[in-house]
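Please read the structure below before turning to the comments.
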Amino acid sequence: MEGVACPVARSLDVIGDWWSLLIVRDAQYGLRRFGEFQKSLGVAKNILAQRLKHLVEHGILDTQPASDGSAWQEYVLTEKGRSLFPILVALGQWGQEHCFQAGEPRTRVLDKAHGKPVKPLEVRAADGRVLTVQDVRLDRPPTQG
């Protein structure tokens, strides 16, 4: 997406498909091996291999020798990959609010120290005010032509 000025479009080009975000989610919570991802997600092996390769090529994951000394390799999040954590939390919070019926069981993100649900994420101004879409504007670069 070189030449596209929209950071949302560029981000979606890297992590916007269904499987990539689920792989990153699972990696955030400790999965590291191909077989672990495959078992957790139920994704076809060829699709998983393609998505893992894409995430490595884009610096979201890195590969390293297996920690147990076996011949396998492990996939570990890079700093770039770890920085997707708030995106996954926000997406999950949106899904909890809009994609479940009342009383339907759902996965929640809890604070390990207190066992309480994480507060909903908010967009804030530099001075601390909570912002909505009505409170912001896009600053688009001039078009090249």
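In the structure tokens, chains take the letters A, B, ... in the order shown, each chain's residues start at 1, and ligands count up from 1 in the order shown.
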(message) What parts of chain A does DSSP call strand (DSSP E)? I'd like the answer as a list in words.
(response)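 Going through chain A, the strand (DSSP E) residues come out as Leu61, Asp62, Thr63, Gln64, Pro65, Gln73, Glu74, Tyr75, Val76 and Leu77 of chain A.
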Those same residues, written as a PDB file, in the first residue's frame with N, CA and C atoms?
```pdb
ATOM      1  N   LEU A  61       5.731 -10.889  13.779  1.00  0.00           N
ATOM      2  CA  LEU A  61       6.275 -12.072  14.442  1.00  0.00           C
ATOM      3  C   LEU A  61       7.712 -12.267  13.986  1.00  0.00           C
ATOM      4  N   ASP A  62       8.464 -12.972  14.790  1.00  0.00           N
ATOM      5  CA  ASP A  62       9.806 -13.402  14.417  1.00  0.00           C
ATOM      6  C   ASP A  62       9.869 -14.897  14.690  1.00  0.00           C
ATOM      7  N   THR A  63      10.813 -15.576  14.080  1.00  0.00           N
ATOM      8  CA  THR A  63      10.999 -16.996  14.346  1.00  0.00           C
ATOM      9  C   THR A  63      12.275 -17.187  15.149  1.00  0.00           C
ATOM     10  N   GLN A  64      12.266 -18.209  15.974  1.00  0.00           N
ATOM     11  CA  GLN A  64      13.451 -18.559  16.756  1.00  0.00           C
ATOM     12  C   GLN A  64      13.435 -20.062  16.980  1.00  0.00           C
ATOM     13  N   PRO A  65      14.599 -20.645  17.267  1.00  0.00           N
ATOM     14  CA  PRO A  65      14.624 -22.088  17.566  1.00  0.00           C
ATOM     15  C   PRO A  65      13.721 -22.385  18.758  1.00  0.00           C
ATOM     16  N   GLN A  73      10.614 -24.715  15.143  1.00  0.00           N
ATOM     17  CA  GLN A  73      10.822 -23.289  15.373  1.00  0.00           C
ATOM     18  C   GLN A  73       9.595 -22.727  16.065  1.00  0.00           C
ATOM     19  N   GLU A  74       9.778 -21.619  16.731  1.00  0.00           N
ATOM     20  CA  GLU A  74       8.682 -20.954  17.419  1.00  0.00           C
ATOM     21  C   GLU A  74       8.494 -19.566  16.827  1.00  0.00           C
ATOM     22  N   TYR A  75       7.265 -19.102  16.903  1.00  0.00           N
ATOM     23  CA  TYR A  75       6.907 -17.758  16.455  1.00  0.00           C
ATOM     24  C   TYR A  75       6.724 -16.893  17.693  1.00  0.00           C
ATOM     25  N   VAL A  76       7.447 -15.789  17.749  1.00  0.00           N
ATOM     26  CA  VAL A  76       7.355 -14.888  18.895  1.00  0.00           C
ATOM     27  C   VAL A  76       7.009 -13.489  18.402  1.00  0.00           C
ATOM     28  N   LEU A  77       6.231 -12.814  19.207  1.00  0.00           N
ATOM     29  CA  LEU A  77       5.859 -11.445  18.858  1.00  0.00           C
ATOM     30  C   LEU A  77       7.063 -10.521  18.958  1.00  0.00           C
TER      31      LEU A  77
END
```
(request) May I ask which of the residues A:Leu138, A:Cys99, A:Ala49, A:Ala66 is the closest one to Pro7 of chain A, counting only C-alpha atoms? (result)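 The answer is A:Leu138, which sits nearest to Pro7 of chain A.
Note that atom CA of Gln50 of chain A and atom CA of Ala71 of chain A are 20.5 Å apart.
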(message) Could you list, as an MDAnalysis selection string, every residue within 10 Å of segment 86-98 of chain A, counting only C-alpha atoms and ignoring same-chain residues fewer than 3 positions away?
(response) chainID A and resid 21:22 24:25 28 82:83 101:102 104:109 118:122
(request) Work out how far apart atom CA of Ile23 of chain A and atom CA of Lys45 of chain A are and give it in Å to one decimal. (result) 12.8 Å
(request) May I have all residues of chain A that DSSP, computed from the backbone, assigns to alpha helix (DSSP H), given as a VMD selection string? (result) chain A and resid 7 to 15 18 to 28 34 to 41 45 to 57 79 to 82 85 to 98
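Note that the spacing between atom CA of Ala125 of chain A and atom CA of Asp139 of chain A amounts to 15.4 Å.
Each of A:Ser11, A:Ser20, A:Ser40, A:Thr143 was compared to Val56 of chain A using only C-alpha atoms, and A:Ser20 turns out to be the nearest.
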